[in-house]
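Next comes coords_32.txt, with compact mmCIF, C-alpha atoms.
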# COMPACT_ATOMS: atom_id res chain seq x y z
CA MET A 5 24.28 75.21 185.39
CA SER A 6 23.74 77.83 188.11
CA SER A 7 20.71 77.58 190.36
CA GLU A 8 19.31 80.73 188.74
CA GLN A 9 19.57 79.18 185.28
CA ALA A 10 17.98 76.00 186.60
CA VAL A 11 15.07 77.99 188.07
CA ARG A 12 14.62 79.96 184.84
CA GLY A 13 14.64 76.72 182.89
CA ALA A 14 12.07 75.18 185.25
CA ILE A 15 9.84 78.24 184.89
CA GLN A 16 9.89 77.94 181.11
CA THR A 17 9.24 74.21 181.26
CA HIS A 18 6.52 74.24 183.90
CA SER A 19 4.73 77.56 183.39
CA LYS A 20 1.64 75.84 182.00
CA ARG A 21 1.28 73.43 184.89
CA VAL A 22 1.82 76.17 187.47
CA TRP A 23 -0.83 78.25 185.70
CA ARG A 24 -3.20 75.26 185.69
CA PHE A 25 -2.58 74.71 189.37
CA GLY A 26 -3.27 78.40 189.95
CA LEU A 27 -6.53 77.99 188.05
CA ALA A 28 -7.46 74.95 190.13
CA LEU A 29 -6.74 76.84 193.35
CA SER A 30 -8.45 80.08 192.47
CA GLY A 31 -11.05 79.08 189.90
CA ALA A 32 -10.30 82.17 187.83
CA SER A 33 -7.94 82.58 184.93
CA ASP A 34 -6.94 86.17 185.76
CA VAL A 35 -5.97 85.07 189.29
CA ALA A 36 -4.05 82.17 187.72
CA ASP A 37 -2.12 84.73 185.62
CA ASP A 38 -1.20 86.69 188.76
CA LEU A 39 -0.34 83.57 190.72
CA LEU A 40 2.00 82.34 188.01
CA GLN A 41 3.71 85.72 187.72
CA SER A 42 4.18 86.02 191.51
CA THR A 43 5.34 82.41 191.75
CA CYS A 44 8.03 82.92 189.13
CA LEU A 45 9.30 86.16 190.67
CA ARG A 46 9.37 84.54 194.12
CA ALA A 47 11.19 81.50 192.73
CA LEU A 48 13.84 83.69 191.09
CA GLU A 49 14.32 85.65 194.32
CA ARG A 50 14.88 82.39 196.14
CA HIS A 51 16.94 80.55 193.56
CA HIS A 52 19.88 80.25 195.96
CA GLN A 53 17.70 78.12 198.26
CA VAL A 54 17.66 75.47 195.57
CA THR A 55 19.95 72.64 196.52
CA SER A 56 18.88 70.09 193.94
CA HIS A 57 17.79 70.73 190.37
CA ASP A 58 15.47 67.74 190.54
CA ARG A 59 11.78 68.27 191.07
CA LEU A 60 11.84 72.02 190.67
CA ASP A 61 8.29 71.54 189.42
CA SER A 62 7.07 70.53 192.91
CA TRP A 63 9.00 73.43 194.34
CA LEU A 64 7.21 75.86 191.99
CA MET A 65 3.85 74.28 192.85
CA THR A 66 4.57 74.66 196.57
CA ILE A 67 5.46 78.34 196.11
CA CYS A 68 2.32 78.91 194.05
CA ARG A 69 0.12 77.32 196.70
CA SER A 70 1.79 79.22 199.50
CA ILE A 71 1.24 82.54 197.71
CA TRP A 72 -2.36 81.56 197.11
CA LEU A 73 -3.01 80.60 200.74
CA ASN A 74 -1.12 83.46 202.36
CA GLU A 75 -1.53 86.38 200.03
CA VAL A 76 -4.21 85.97 197.42
CA ARG A 77 -6.95 83.72 198.68
CA ALA A 78 -8.52 86.12 201.15
CA ARG A 79 -9.07 88.81 198.54
CA SER A 80 -10.01 86.42 195.75
CA VAL A 81 -12.40 84.18 197.60
CA ARG A 82 -15.35 86.53 197.43
CA LYS A 83 -14.72 86.92 193.74
CA ALA A 84 -14.29 83.17 193.23
CA GLN A 85 -17.58 82.43 194.97
CA ALA A 86 -19.33 84.88 192.74
CA LEU A 87 -17.56 83.53 189.71
CA SER A 88 -19.62 81.40 187.45
CA VAL A 89 -17.65 78.22 187.01
CA THR A 90 -18.92 77.91 183.50
CA PRO A 91 -15.65 77.43 181.70
CA GLU A 92 -14.33 80.24 179.66
CA ALA A 93 -14.77 78.97 176.14
CA GLU A 94 -11.18 79.53 175.07
CA LEU A 95 -9.90 77.37 177.93
CA ILE A 96 -11.42 74.19 176.63
CA ALA A 97 -9.41 72.51 173.95
CA SER A 98 -11.46 72.03 170.83
CA GLY A 99 -12.11 68.36 170.24
CA PRO A 100 -12.91 66.74 166.93
CA ASP A 101 -16.66 67.22 167.38
CA SER A 102 -19.08 69.21 169.46
CA GLU A 103 -20.14 66.24 171.60
CA THR A 104 -16.54 65.81 172.70
CA ASN A 105 -16.42 69.51 173.50
CA ILE A 106 -19.61 69.31 175.52
CA PHE A 107 -18.27 66.36 177.48
CA ALA A 108 -14.96 68.14 178.07
CA ALA A 109 -16.83 71.21 179.28
CA GLU A 110 -18.87 69.05 181.68
CA VAL A 111 -15.78 67.40 183.13
CA PHE A 112 -14.06 70.78 183.41
CA THR A 113 -17.05 72.28 185.20
CA GLN A 114 -17.40 69.30 187.52
CA VAL A 115 -13.73 69.44 188.50
CA MET A 116 -13.89 73.19 189.07
CA GLN A 117 -16.98 72.75 191.27
CA LEU A 118 -15.20 70.34 193.59
CA PRO A 119 -14.29 71.76 196.99
CA GLU A 120 -10.86 73.39 196.89
CA ALA A 121 -9.05 70.58 198.74
CA GLN A 122 -10.37 67.95 196.34
CA ARG A 123 -9.76 70.18 193.35
CA GLU A 124 -6.09 70.79 194.10
CA THR A 125 -5.59 67.08 194.77
CA VAL A 126 -7.30 66.02 191.54
CA MET A 127 -5.17 68.51 189.65
CA LEU A 128 -1.88 67.28 191.10
CA VAL A 129 -2.62 63.55 190.81
CA PHE A 130 -4.92 63.16 187.80
CA VAL A 131 -3.63 65.96 185.62
CA GLU A 132 -0.01 66.49 186.64
CA GLY A 133 0.70 62.85 187.44
CA TYR A 134 2.13 63.25 190.92
CA SER A 135 1.97 60.09 193.01
CA TYR A 136 -0.21 60.04 196.12
CA ARG A 137 2.81 60.41 198.34
CA GLU A 138 4.27 63.25 196.27
CA ALA A 139 0.93 65.06 196.43
CA ALA A 140 0.75 64.38 200.17
CA ALA A 141 4.19 65.94 200.66
CA LEU A 142 3.34 68.92 198.47
CA LEU A 143 0.01 69.60 200.20
CA GLU A 144 1.38 68.69 203.65
CA VAL A 145 -1.35 66.18 204.47
CA PRO A 146 -1.23 62.43 205.18
CA ILE A 147 -1.41 60.10 202.19
CA GLY A 148 -4.75 58.77 203.51
CA THR A 149 -6.19 62.27 203.14
CA ILE A 150 -5.09 62.34 199.50
CA MET A 151 -6.84 59.02 198.91
CA SER A 152 -10.07 60.04 200.56
CA ARG A 153 -10.14 63.36 198.69
CA LEU A 154 -9.70 61.47 195.43
CA SER A 155 -12.43 58.96 196.38
CA ASN A 156 -14.86 61.78 197.08
CA ALA A 157 -13.92 63.53 193.84
CA ARG A 158 -14.43 60.29 191.87
CA GLN A 159 -17.95 59.94 193.30
CA LYS A 160 -18.85 63.35 191.91
CA LEU A 161 -17.11 62.87 188.59
CA LYS A 162 -18.82 59.51 188.18
CA ASN A 163 -22.16 61.23 187.68
CA VAL A 164 -20.90 63.22 184.70
CA MET A 165 -19.20 60.26 183.16
CA GLN A 166 -22.16 57.92 183.60
CA HIS A 167 -24.46 60.58 182.26
CA ASP A 168 -22.20 60.93 179.25
CA ALA A 169 -22.00 57.16 178.75
CA ALA A 170 -25.80 57.00 178.88
CA ASP A 171 -25.97 59.78 176.29
CA ALA A 172 -23.61 57.87 174.05
CA VAL A 173 -25.78 54.77 174.33
CA ARG A 174 -28.90 56.80 173.53
CA ARG A 175 -27.24 58.41 170.55
CA SER A 176 -26.01 55.12 169.17
CA GLY A 177 -29.53 53.67 169.58
CA LYS A 178 -31.01 56.30 167.29
CA MET B 28 -1.81 41.76 201.59
CA LYS B 29 -2.44 41.10 197.89
CA PHE B 30 -5.22 42.93 196.10
CA SER B 31 -6.52 41.79 192.73
CA ASP B 32 -7.03 44.26 189.89
CA GLU B 33 -10.78 43.67 190.27
CA THR B 34 -10.65 44.68 193.93
CA LEU B 35 -8.65 47.79 193.08
CA ARG B 36 -11.06 48.73 190.28
CA ALA B 37 -14.01 48.29 192.62
CA TYR B 38 -12.27 50.61 195.07
CA LEU B 39 -11.62 53.22 192.38
CA GLU B 40 -15.22 53.11 191.23
CA GLY B 41 -16.44 53.47 194.79
CA ASN B 42 -17.85 49.95 194.90
CA ALA B 43 -15.50 48.37 197.43
CA ASP B 44 -16.93 47.71 200.90
CA ALA B 45 -15.63 49.86 203.74
CA THR B 46 -13.32 47.20 205.19
CA GLU B 47 -11.72 46.55 201.84
CA ALA B 48 -11.33 50.26 201.13
CA ALA B 49 -9.70 50.83 204.50
CA ALA B 50 -7.34 47.89 203.92
CA ILE B 51 -6.27 49.29 200.54
CA GLU B 52 -5.74 52.78 201.94
CA ALA B 53 -3.69 51.41 204.83
CA ALA B 54 -1.56 49.25 202.53
CA ILE B 55 -0.79 52.15 200.17
CA GLU B 56 0.95 54.01 202.99
CA THR B 57 3.85 51.58 202.87
CA ASP B 58 3.52 49.96 199.47
CA ALA B 59 4.68 52.17 196.59
CA ASP B 60 4.13 49.37 194.05
CA LEU B 61 0.51 49.06 195.07
CA GLU B 62 0.21 52.84 194.77
CA GLN B 63 1.54 52.68 191.20
CA ARG B 64 -0.86 49.87 190.31
CA LEU B 65 -3.82 51.70 191.74
CA MET B 66 -2.90 54.90 189.90
CA ALA B 67 -2.50 53.01 186.64
CA LEU B 68 -5.96 51.44 187.00
CA ASP B 69 -7.72 54.70 187.82
CA PRO B 70 -10.29 55.27 185.04
CA PHE B 71 -10.87 58.90 186.02
CA ALA B 72 -7.30 60.19 185.75
CA PRO B 73 -6.91 59.91 181.95
CA VAL B 74 -10.29 61.52 181.31
CA VAL B 75 -9.61 64.49 183.57
CA GLN B 76 -6.09 64.78 182.24
CA SER B 77 -7.23 64.86 178.62
CA VAL B 78 -9.58 67.73 179.46
CA PHE B 79 -6.98 69.79 181.32
CA GLU B 80 -3.70 68.98 179.61
CA ASN B 81 -4.14 71.58 176.87
CA ILE B 82 -5.18 74.32 179.25
CA PRO B 83 -3.87 76.93 178.79
CA ALA B 84 -3.50 76.45 175.05
CA LYS B 85 -0.54 78.82 174.78
CA ALA B 86 2.36 79.29 177.17
CA PRO B 87 1.25 81.96 179.64
CA GLN B 88 2.75 85.44 179.43
CA LEU B 89 5.47 86.16 181.95
CA ASP B 90 7.42 89.26 182.83
CA LEU B 91 10.64 88.15 184.42
CA PRO B 92 13.60 90.28 185.42
CA LYS B 93 16.63 89.74 183.22
CA SER B 94 18.70 88.58 186.13
CA ALA B 95 17.76 87.77 189.72
CA ALA B 96 20.49 90.17 190.81
CA ALA B 97 18.56 93.09 189.31
CA SER B 98 15.47 94.29 191.11
CA PRO B 99 12.31 92.89 189.59
CA VAL B 100 11.65 95.72 187.16
CA ARG B 101 8.66 95.07 184.99
CA LEU B 102 9.75 95.24 181.41
CA SER B 103 6.71 96.62 179.80
CA GLY B 104 7.69 96.58 176.17
CA GLY B 105 10.18 97.60 173.56
CA PRO B 106 13.58 96.09 172.89
CA TRP B 107 14.26 95.27 176.55
CA ARG B 108 11.38 92.92 176.63
CA LEU B 109 12.52 91.22 173.46
CA LEU B 110 15.94 90.86 175.02
CA ALA B 111 14.43 89.24 178.11
CA VAL B 112 12.45 86.83 175.97
CA ALA B 113 15.57 86.06 173.94
CA ALA B 114 17.50 85.44 177.14
CA SER B 115 14.95 82.99 178.48
CA VAL B 116 14.75 81.22 175.15
CA ALA B 117 18.52 80.91 175.25
CA VAL B 118 18.34 79.36 178.71
CA VAL B 119 15.83 76.81 177.51
CA ALA B 120 17.95 76.06 174.47
CA VAL B 121 21.04 75.65 176.63
CA SER B 122 19.24 73.32 179.04
CA ALA B 123 17.83 71.31 176.15
CA THR B 124 21.29 70.99 174.62
CA PHE B 125 22.69 70.03 177.98
CA TRP B 126 20.13 67.23 178.28
CA ALA B 127 20.60 66.08 174.72
CA THR B 128 24.37 65.93 174.98
CA ARG B 129 24.79 64.70 178.55
CA PRO B 130 27.00 61.64 178.55
CA GLN B 131 25.10 58.38 178.34
CA PRO B 132 26.42 55.53 180.45
CA MET B 133 28.73 53.64 178.11
CA GLY B 134 27.86 50.10 177.12
CA TRP B 135 30.27 47.20 176.93
CA ALA B 136 30.47 47.38 173.13
CA GLU B 137 31.52 51.05 173.18
CA GLN B 138 34.15 50.32 175.83
CA ALA B 139 35.46 47.32 173.93
CA ALA B 140 35.68 49.37 170.72
CA ILE B 141 37.63 52.13 172.48
CA TYR B 142 40.04 49.55 173.86
CA GLN B 143 40.41 47.85 170.48
CA SER B 144 41.00 51.19 168.73
CA LEU B 145 44.27 51.48 170.67
CA TYR B 146 45.60 48.31 169.02
CA SER B 147 48.15 48.68 166.24
CA PRO B 148 49.90 46.00 164.14
CA ASP B 149 52.82 46.26 166.59
CA THR B 150 50.55 45.36 169.51
CA ILE B 151 49.88 41.93 168.07
CA ALA B 152 53.04 41.30 166.03
CA SER B 153 55.01 39.95 168.95
CA LEU B 154 52.21 37.95 170.63
CA ASP B 155 53.09 34.31 171.26
CA ASN B 156 50.37 32.28 169.60
CA ALA B 157 52.02 28.92 169.89
CA PRO B 158 49.47 26.15 170.55
CA ASP B 159 50.57 25.81 174.18
CA ALA B 160 50.05 29.50 174.87
CA LEU B 161 46.63 29.46 173.19
CA ASP B 162 45.66 26.30 175.09
CA ALA B 163 46.23 28.07 178.37
CA GLN B 164 44.47 31.26 177.28
CA PHE B 165 41.41 29.46 175.97
CA ALA B 166 41.15 27.28 179.05
CA GLN B 167 41.15 30.35 181.27
CA ALA B 168 38.76 32.30 179.06
CA GLU B 169 36.28 29.43 178.72
CA ALA B 170 36.35 28.89 182.48
CA GLN B 171 35.53 32.56 183.08
CA LEU B 172 32.83 32.63 180.46
CA GLY B 173 31.29 29.30 181.38
CA ARG B 174 31.05 28.10 177.79
CA SER B 175 33.10 26.95 174.81
CA LEU B 176 34.76 29.50 172.55
CA ASN B 177 34.74 27.10 169.58
CA ARG B 178 38.45 27.50 169.07
CA ASP B 179 38.39 25.30 165.96
CA THR B 180 36.07 27.72 164.23
CA LEU B 181 38.07 30.76 165.33
CA GLU B 182 41.30 29.23 164.03
CA ALA B 183 39.69 28.51 160.68
CA LEU B 184 38.30 31.99 159.95
CA PRO B 185 39.39 32.81 156.38
CA GLY B 186 42.23 35.34 156.08
CA LEU B 187 42.58 35.74 159.85
CA GLU B 188 45.29 34.44 162.12
CA LEU B 189 44.29 33.75 165.72
CA LYS B 190 46.68 35.66 167.98
CA ARG B 191 45.37 35.62 171.53
CA ALA B 192 42.39 35.14 173.84
CA GLN B 193 42.35 37.55 176.75
CA VAL B 194 40.11 37.81 179.81
CA LEU B 195 38.78 41.31 180.43
CA SER B 196 35.88 42.45 182.57
CA PHE B 197 33.07 44.97 182.16
CA LYS B 198 31.08 45.97 185.26
CA GLY B 199 31.95 42.69 186.92
CA LYS B 200 30.99 40.57 183.90
CA PRO B 201 33.63 38.47 182.17
CA LEU B 202 34.46 39.87 178.74
CA ILE B 203 36.67 37.81 176.45
CA GLN B 204 38.60 39.45 173.67
CA VAL B 205 39.96 37.19 170.94
CA VAL B 206 42.46 39.01 168.73
CA PHE B 207 43.26 38.18 165.12
CA ALA B 208 45.71 39.53 162.55
CA ASP B 209 44.55 39.91 158.97
CA ASP B 210 46.90 39.26 156.06
CA GLN B 211 48.36 42.77 156.43
CA GLY B 212 48.99 42.22 160.13
CA GLN B 213 46.12 44.58 161.09
CA PRO B 214 44.34 43.74 164.36
CA LEU B 215 40.71 42.56 164.47
CA ALA B 216 38.85 41.25 167.48
CA PHE B 217 35.93 39.06 168.42
CA CYS B 218 34.49 39.73 171.88
CA ILE B 219 32.03 37.79 174.00
CA ILE B 220 30.47 38.98 177.23
CA ARG B 221 28.32 36.96 179.61
CA GLN B 222 25.22 39.09 180.19
CA GLY B 223 23.04 36.69 182.13
CA GLU B 224 20.05 34.65 181.06
CA SER B 225 17.58 37.48 181.32
CA ALA B 226 19.45 39.63 178.76
CA PRO B 227 17.35 40.20 175.62
CA ALA B 228 18.42 38.68 172.31
CA LYS B 229 19.42 41.22 169.68
CA ASP B 230 19.79 40.91 165.94
CA VAL B 231 23.07 41.76 164.24
CA LYS B 232 23.68 45.49 164.20
CA HIS B 233 26.46 47.16 162.25
CA SER B 234 27.92 50.41 163.48
CA ALA B 235 31.14 52.39 163.47
CA LEU B 236 32.46 52.75 167.01
CA SER B 237 35.68 54.60 167.85
CA GLY B 238 36.51 54.64 164.13
CA LEU B 239 36.15 50.87 163.73
CA ALA B 240 33.56 48.85 161.83
CA THR B 241 31.67 46.69 164.32
CA ALA B 242 28.88 44.15 164.34
CA THR B 243 27.09 43.28 167.57
CA TRP B 244 24.42 40.78 168.45
CA ALA B 245 23.15 38.98 171.54
CA GLN B 246 21.62 35.61 172.12
CA GLY B 247 21.15 33.12 174.93
CA GLY B 248 22.50 35.41 177.63
CA TYR B 249 25.73 36.33 175.78
CA GLY B 250 26.64 39.45 173.87
CA TYR B 251 28.90 39.19 170.82
CA MET B 252 30.92 41.73 168.91
CA LEU B 253 33.17 41.59 165.89
CA ILE B 254 35.48 44.57 165.50
CA GLY B 255 37.31 45.41 162.27
CA SER B 256 40.70 47.05 161.90
CA SER B 257 39.21 50.22 160.45
CA GLU B 258 35.88 51.78 159.61
CA GLN B 259 36.10 50.20 156.13
CA THR B 260 36.72 46.61 157.19
CA ASP B 261 34.31 44.23 155.46
CA LEU B 262 33.08 42.02 158.30
CA ASN B 263 30.59 39.96 156.33
CA GLU B 264 32.55 36.77 155.72
CA PRO B 265 33.75 36.15 159.30
CA LEU B 266 30.41 37.46 160.60
CA ASP B 267 28.46 34.80 158.70
CA ILE B 268 30.59 32.08 160.25
CA LEU B 269 30.49 33.53 163.75
CA THR B 270 26.73 34.16 163.83
CA THR B 271 26.18 30.58 162.70
CA THR B 272 28.58 29.18 165.29
CA PHE B 273 27.72 31.39 168.26
CA THR B 274 23.97 31.05 168.48
CA GLY B 275 23.69 31.13 172.22
Please express the file's structure as structure tokens.
Amino acid sequence: MSSEQAVRGAIQTHSKRVWRFGLALSGASDVADDLLQSTCLRALERHHQVTSHDRLDSWLMTICRSIWLNEVRARSVRKAQALSVTPEAELIASGPDSETNIFAAEVFTQVMQLPEAQRETVMLVFVEGYSYREAAALLEVPIGTIMSRLSNARQKLKNVMQHDAADAVRRSGK
Amino acid sequence: MKFSDETLRAYLEGNADATEAAAIEAAIETDADLEQRLMALDPFAPVVQSVFENIPAKAPQLDLPKSAAASPVRLSGGPWRLLAVAASVAVVAVSATFWATRPQPMGWAEQAAIYQSLYSPDTIASLDNAPDALDAQFAQAEAQLGRSLNRDTLEALPGLELKRAQVLSFKGKPLIQVVFADDQGQPLAFCIIRQGESAPAKDVKHSALSGLATATWAQGGYGYMLIGSSEQTDLNEPLDILTTTFTG
């Protein structure tokens, strides 16, 4: 398989996770669309830099983040601040009942309200399943920084989850 | 330093004291196993993942150039776009096929069946199976294998003449091939490999390998295999005797 084929294959396989990462970085689905598109074009331009076909997913994530930091963030940040982080309804997967949907929406909102550094870390580790050291390499920070970002994020997420657990107890007591 | 699951859970829930938390974070830097344990215990990860894993619901739209050699022209519709989509689908299909058909590392049973498939009646017709010759072969094979081959049973298998016991090796493990001739002079084989005590026991499994009927099972750290002379060989009678004799 040529490196171009490998990159095209990786784009097809990982487009959703790159888009999600773009959403986590930017907080806006239209910016995520643009980030994914630019990431894929950039990756195809650079396919000959690929030396190993393993972990092309991390490579795509790195490109996405670099485009965000260097090219998109400055013009999007004003927009992102103004953006209501209320999730766009179609983004949230419909659960079996409305309480599940409400909980999912709360978790979504809480994650999207985290500071950017925590948000990107939560996305890579909790959602995409990268290990702490893989996330550290991808984000170019020490592993201890990854752990403290996750600890801080957990503190904030705890409130939603405890609130939800309390709700569940109240409901079951009815 | 060892950390209990309770300590790790307390850390993940933000209830560990500062010293403990610092110790865990320091240990993770060099301990990938601890990192895996901690990640597996994290109660937040699965919740957040379940919320995000289906976002976006559909694969996002992409406009990709047909080939990286061409300049990135945006294909805004019409047949060219369909062609581009078809091309990317083909790439995915090709990669999927590549993964599905990539060669699996071959197991001992597959290797033994390939080897056995090269045997013909002529291979075994001229073998010297005088008692002296078999004595020497069995002594050597049993020494390699570290256990008895129950020669009495093998010599008494109905309709089969014991021809030879041969020491082979698979990935450094001793593999003994015992060859028989049936009443038409066709070659059959019974193989034993020493797999080590930790090897899992396996029930008898019939399959056709390299065009030969085979039955494999494993017990007590040894793997066993009976190989017929063709895909149609009925292995049941000798198999009953062998599975009763070789129980570990």
Taking (41.1, 51.3, 170.3) in the file's own coordinates, collect the residues within 12 Å, counting only C-alpha atoms, and hand them back as a VMD selection string.
-> chain B and resid 136 to 148 150 214 to 216 236 to 240 254 to 258
Keeping only C-alpha atoms, write the selected residues to a file as a PDB file, in the coordinates of the input.
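As written to disk, part-v7.pdb reads:
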ATOM      1  CA  ALA B 136      30.470  47.380 173.130  1.00  0.00           C
ATOM      2  CA  GLU B 137      31.520  51.050 173.180  1.00  0.00           C
ATOM      3  CA  GLN B 138      34.150  50.320 175.830  1.00  0.00           C
ATOM      4  CA  ALA B 139      35.460  47.320 173.930  1.00  0.00           C
ATOM      5  CA  ALA B 140      35.680  49.370 170.720  1.00  0.00           C
ATOM      6  CA  ILE B 141      37.630  52.130 172.480  1.00  0.00           C
ATOM      7  CA  TYR B 142      40.040  49.550 173.860  1.00  0.00           C
ATOM      8  CA  GLN B 143      40.410  47.850 170.480  1.00  0.00           C
ATOM      9  CA  SER B 144      41.000  51.190 168.730  1.00  0.00           C
ATOM     10  CA  LEU B 145      44.270  51.480 170.670  1.00  0.00           C
ATOM     11  CA  TYR B 146      45.600  48.310 169.020  1.00  0.00           C
ATOM     12  CA  SER B 147      48.150  48.680 166.240  1.00  0.00           C
ATOM     13  CA  PRO B 148      49.900  46.000 164.140  1.00  0.00           C
ATOM     14  CA  THR B 150      50.550  45.360 169.510  1.00  0.00           C
ATOM     15  CA  PRO B 214      44.340  43.740 164.360  1.00  0.00           C
ATOM     16  CA  LEU B 215      40.710  42.560 164.470  1.00  0.00           C
ATOM     17  CA  ALA B 216      38.850  41.250 167.480  1.00  0.00           C
ATOM     18  CA  LEU B 236      32.460  52.750 167.010  1.00  0.00           C
ATOM     19  CA  SER B 237      35.680  54.600 167.850  1.00  0.00           C
ATOM     20  CA  GLY B 238      36.510  54.640 164.130  1.00  0.00           C
ATOM     21  CA  LEU B 239      36.150  50.870 163.730  1.00  0.00           C
ATOM     22  CA  ALA B 240      33.560  48.850 161.830  1.00  0.00           C
ATOM     23  CA  ILE B 254      35.480  44.570 165.500  1.00  0.00           C
ATOM     24  CA  GLY B 255      37.310  45.410 162.270  1.00  0.00           C
ATOM     25  CA  SER B 256      40.700  47.050 161.900  1.00  0.00           C
ATOM     26  CA  SER B 257      39.210  50.220 160.450  1.00  0.00           C
ATOM     27  CA  GLU B 258      35.880  51.780 159.610  1.00  0.00           C
TER      28      GLU B 258
END
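Take atom CA of Leu154 of chain A and atom CA of Gln122 of chain A: the distance between them is 6.6 Å.
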Could you pull the residues within 10 Å of Leu143 of chain A, counting all atoms listed in the file, minus those fewer than 6 positions along the same chain, as a ChimeraX atom specification?
-> /A:65-66,69-70,121,124-125,128,137,150
Of the candidates B:Gln213, B:Thr34, B:Ser234, B:Thr272, which shows the shortest atom-to-atom distance to Thr180 of chain B, using only C-alpha atoms?
->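 Checking each candidate against Thr180 of chain B, we get B:Thr272 as the closest.
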Report the distance between atom CA of Gln164 of chain B and atom CA of Val205 of chain B in Å, rounded to one decimal place.
->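 Between atom CA of Gln164 of chain B and atom CA of Val205 of chain B the gap works out to 9.8 Å.
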In terms of the shortest atom-to-atom distance over only C-alpha atoms, which of B:Met66, B:Leu172, B:Ala163, B:Ala245 is closest to chain A?
->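 Nearest candidate to chain A out of B:Met66, B:Leu172, B:Ala163, B:Ala245: B:Met66.
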Hey, list the chain A side of the contact with chain B: 6 Å cut-off, only C-alpha atoms, answer as a PyMOL selection string.
-> chain A and resi 13+20+48+95+108+130-131
To one decimal place, how far is atom CA of Gly248 of chain B from atom CA of Leu187 of chain B in Å?
->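 Here the two named atoms are 26.8 Å from each other.
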Residue among A:Glu75, A:Asp61, A:Leu161, A:Leu45 lying closest to Leu118 of chain A, counting only C-alpha atoms =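 The answer is A:Leu161, which sits nearest to Leu118 of chain A.
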Counting all atoms listed in the file, closest pick from A:Gln166, A:Gly148, A:Ser42, A:Gly26 relative to Val111 of chain A is A:Gln166
Contacts of Gln53 of chain A within 12 Å, only C-alpha atoms, excl. fewer than 3 positions in-chain, as a list in words = Ser6, Ser7, Glu8, Ala10, Val11, Arg46, Ala47, Leu48, Glu49, Arg50, Ser56, His57, Leu60 and Trp63 of chain A
Step by step: start from the point (-16.1, 68.6, 191.0) in the file's coordinates, keep every protein, DNA or RNA residue that has an atom no farther than 10 Å from it, count only C-alpha atoms, and write the set as a PyMOL selection string.
-> chain A and resi 110-120+122-123+126+156-162+164
Using 6 Å of padding on each side, determine the axis-aligned box around all atoms of segment 225-231 of chain B present in the file and give its centre and edge lengths in Å to one decimal, as lines of an AutoDock Vina configuration file.
center_x = 20.2
center_y = 39.6
center_z = 172.8
size_x = 17.7
size_y = 16.3
size_z = 29.1
Using all atoms listed in the file, which of A:Gly133, A:Asp58, A:Arg77, A:Met165 sits nearest Ala36 of chain A?
-> A:Arg77
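Residue nearest Pro201 of chain B within the list B:Trp135, B:Asp162, B:Asn177, B:Asn156: B:Trp135 [criterion: smallest interatomic distance, all atoms listed in the file].
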